[in-house]
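**Q** Provided herewith is a single structure, encoded as structure tokens, for subsequent inquiry.
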Amino acid sequence: MRLIDCHNFDDFRTLAKRRLPGPVFHYIDGGADDERTLARNTQAYEECDLVPNILSGAEEVDLTTTVLGRTIDMPLFLSPTALQRLFHWRGERAVGRAAERFGTYFGISSLATVGIAEIGATISSPKMFQLYVHKDKGLNRAMVEQCKAAEFDALTLTVDTIVGGNRERCLRTGFTSPPRITPRSFLSYAAKPGWGLNYLFREKFELPNLSGHIGEGSSVALSIGDYFTTMLDQTLDWTMAEQIRADWGGEFCLKGIMSVEDAKRAADIGATAIMVSNHGGRQLDGSRAPFDQLAEIVDAVGDRLDVICDGGIRRGSHVLKALSVGAKACSGGRLYLYALAAAGQAGVERALGNLRSEIERDMKLMGVKSVGALGRDNLRWR
């Protein structure tokens with residue numbers, strides 16, 4: 001199987017599985033507990049159908065949207081995700097270049113494998129930084145200040161990770177950051193020599209946004225679940241979130257909002273956007289899917305801030321459904337991480353190209369000339 005054979009999400013997932021050691025693949029692929037919410041994130045889009053309006057003369061369609069203060073060329077962007085150089089040796093550098101080519105937002109995580117300053121200096125398209133609030137207050141301040149200096153466009157505070165989810169696949173495979181190769185996992189890594197050579201002989205793996213303050217994740221191996229539970233501040237509350245917003249002073253997003261009450265509170269503290277997200281089904285299994293909650297959240301706060309639907313996106317039609325409900329844009333992680341693992345920057349570009357083509361083609365088939373023209377009259381619920 002080659003990159004040219006990848007026409008959809010599942011194709012990229014198949015190729016990624018062939019390229020990655022088992023523990024690394026299952027870190028991307030897995031969810032919490034029984035993975036019911038992971039599955040539901042995509043299944044939720046099947047609860048409604050698109051209704052086209054024909055003979056509209058939609059020869060040209062406009063995919064641009066404005067979100068978090070920036071106009072982007074397509075209504076889909078790349079969510080910040082951790083540890084990207086474990087999936088491909090170029091990591092965030094490859095993802096950022098792909099996002100730049102498609103004129104869309106991309107984000108890096110507090111647990112990124114390329115530093116804030118480098119991304120700020122080398123990527124010209126809109127950038128967000130995803131902040132995990134650590135117990136180390138100096139670390140939190142340092143990351144925010146570095147983002148200001150690097151002229152990031154938005155700060156995104158993740159609010160659903162004060163403890164790690166029960167990711168049983170990672171428990172079974174022993175996945176840690178950095179990878180800890182044990183007798184049990186040795187064959188999984190040895191079976192992928194290409195990955196191993198890149199890991200051993202390319203740039204040393206670390207988490208540069210953290211490594212000047214803490215060793216965990218860079219030189220001290222921990223599972224991601226243990227990292228969240230031991231290193232992040234479990235006292236995070238609305239007062240702290242409002243203070244972070246004030247310290248940042250720019251476009252501010254809360255990632256992990258799932259209830260109307262929290263969406264209203266986000267608007268009250270001055271957030272300019274929310275990402276309706278359950279962390280890709282990796283935290284609270286049994287929770288609702290983002291698309292399940294989208295309509296009532298849009299109705300409650302859509303006139304006060306940008307509502308972004310994050311998670312479960314596999315097709316351009318999923319994006320159109322979320323926009324029809326009222327989302328300003330959509331985002332996701334796995335939709336580009338499998339492609340990154342499969343073929344680096346070229347893989348991410350192909351994945352984005354596939355999705356952009358689907359969005360454009362489906363808009364023409366829907367008879368809709370701009371993403372802003374989509375509305376609930378374009379949907380019928382089953």
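Letters for chains follow the order of the structure tokens (A, B, ...), residue numbers begin at 1 for each chain, and ligand numbers begin at 1 in the order shown.
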Determine which residues of segment 11-127 of chain A DSSP labels as alpha helix (DSSP H) from the backbone of this structure, then write them out as a PyMOL selection string.
**A** chain A and resi 11-19+22-29+36-43+91-102+116-122
**Q** I'd like the contact shell of Gly31 of chain A - 6 Å cut-off, only C-alpha atoms, skipping same-chain residues fewer than 6 positions apart - returned as a list in words.
**A**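 In the requested form, the answer reads Leu38, Arg167, Gly281 and Arg282 of chain A.
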**Q** I need the residues from that last selection saved to file as an mmCIF file, in the first residue's frame (with C-alpha atoms), if you can.
**A**
data_model
loop_
_atom_site.group_PDB
_atom_site.id
_atom_site.type_symbol
_atom_site.label_atom_id
_atom_site.label_comp_id
_atom_site.auth_asym_id
_atom_site.auth_seq_id
_atom_site.Cartn_x
_atom_site.Cartn_y
_atom_site.Cartn_z
ATOM 1 C CA LEU A 38 -14.671 7.061 20.605
ATOM 2 C CA ARG A 167 -6.725 4.219 28.161
ATOM 3 C CA GLY A 281 -13.133 9.803 23.290
ATOM 4 C CA ARG A 282 -9.916 9.437 25.297
#
**Q** Please give the complete set of residues from segment 269-363 of chain A that DSSP, run on the backbone, assigns to strand (DSSP E), formatted as a count of residues only.
**A** 13
**Q** Please, which residues in segment 61-173 of chain A fall within 8 Å of segment 236-260 of chain A when counting only C-alpha atoms, and what is the closest atom pair and distance in Å to one decimal for each, ordered by chain then residue number, as a tab-separated table?
**A**
residue	atom	partner	partner_atom	distance
A:Leu68	CA	A:Glu251	CA	5.9
A:Gly69	CA	A:Glu251	CA	6.8
A:Val133	CA	A:Leu236	CA	7.4
A:Val144	CA	A:Trp248	CA	6.7
A:Lys148	CA	A:Trp248	CA	7.6
A:Asp153	CA	A:Glu251	CA	6.8
A:Ala154	CA	A:Glu251	CA	4.8
A:Leu155	CA	A:Phe252	CA	5.1
A:Thr156	CA	A:Cys253	CA	4.5
A:Leu157	CA	A:Leu254	CA	5.0
A:Thr158	CA	A:Lys255	CA	4.7
A:Val159	CA	A:Gly256	CA	5.5
A:Asp160	CA	A:Gly256	CA	5.3
A:Ile162	CA	A:Leu236	CA	7.4
**Q** With C-alpha atoms retained, write the just-selected residues as a PDB file, in the first residue's frame.
**A**
ATOM      1  CA  LEU A  68     -10.561  32.843  16.240  1.00  0.00           C
ATOM      2  CA  GLY A  69      -9.897  36.147  14.557  1.00  0.00           C
ATOM      3  CA  VAL A 133      -2.276  23.832  33.171  1.00  0.00           C
ATOM      4  CA  VAL A 144       2.071  31.785  27.709  1.00  0.00           C
ATOM      5  CA  LYS A 148       3.164  35.984  22.991  1.00  0.00           C
ATOM      6  CA  ASP A 153      -2.797  33.822  17.018  1.00  0.00           C
ATOM      7  CA  ALA A 154      -4.788  32.040  19.735  1.00  0.00           C
ATOM      8  CA  LEU A 155      -4.403  30.324  23.082  1.00  0.00           C
ATOM      9  CA  THR A 156      -6.519  27.214  23.638  1.00  0.00           C
ATOM     10  CA  LEU A 157      -6.952  25.998  27.201  1.00  0.00           C
ATOM     11  CA  THR A 158      -7.796  22.296  27.467  1.00  0.00           C
ATOM     12  CA  VAL A 159     -10.254  21.815  30.333  1.00  0.00           C
ATOM     13  CA  ASP A 160     -11.081  18.086  30.262  1.00  0.00           C
ATOM     14  CA  ILE A 162      -7.325  17.217  35.162  1.00  0.00           C
TER      15      ILE A 162
END
**Q** Choose the residue, out of A:Val371, A:Ile54, A:Val319, A:His213, that has the smallest atom-to-atom separation from Gly138 of chain A; count only C-alpha atoms.
**A**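 The answer is A:His213, which sits nearest to Gly138 of chain A.
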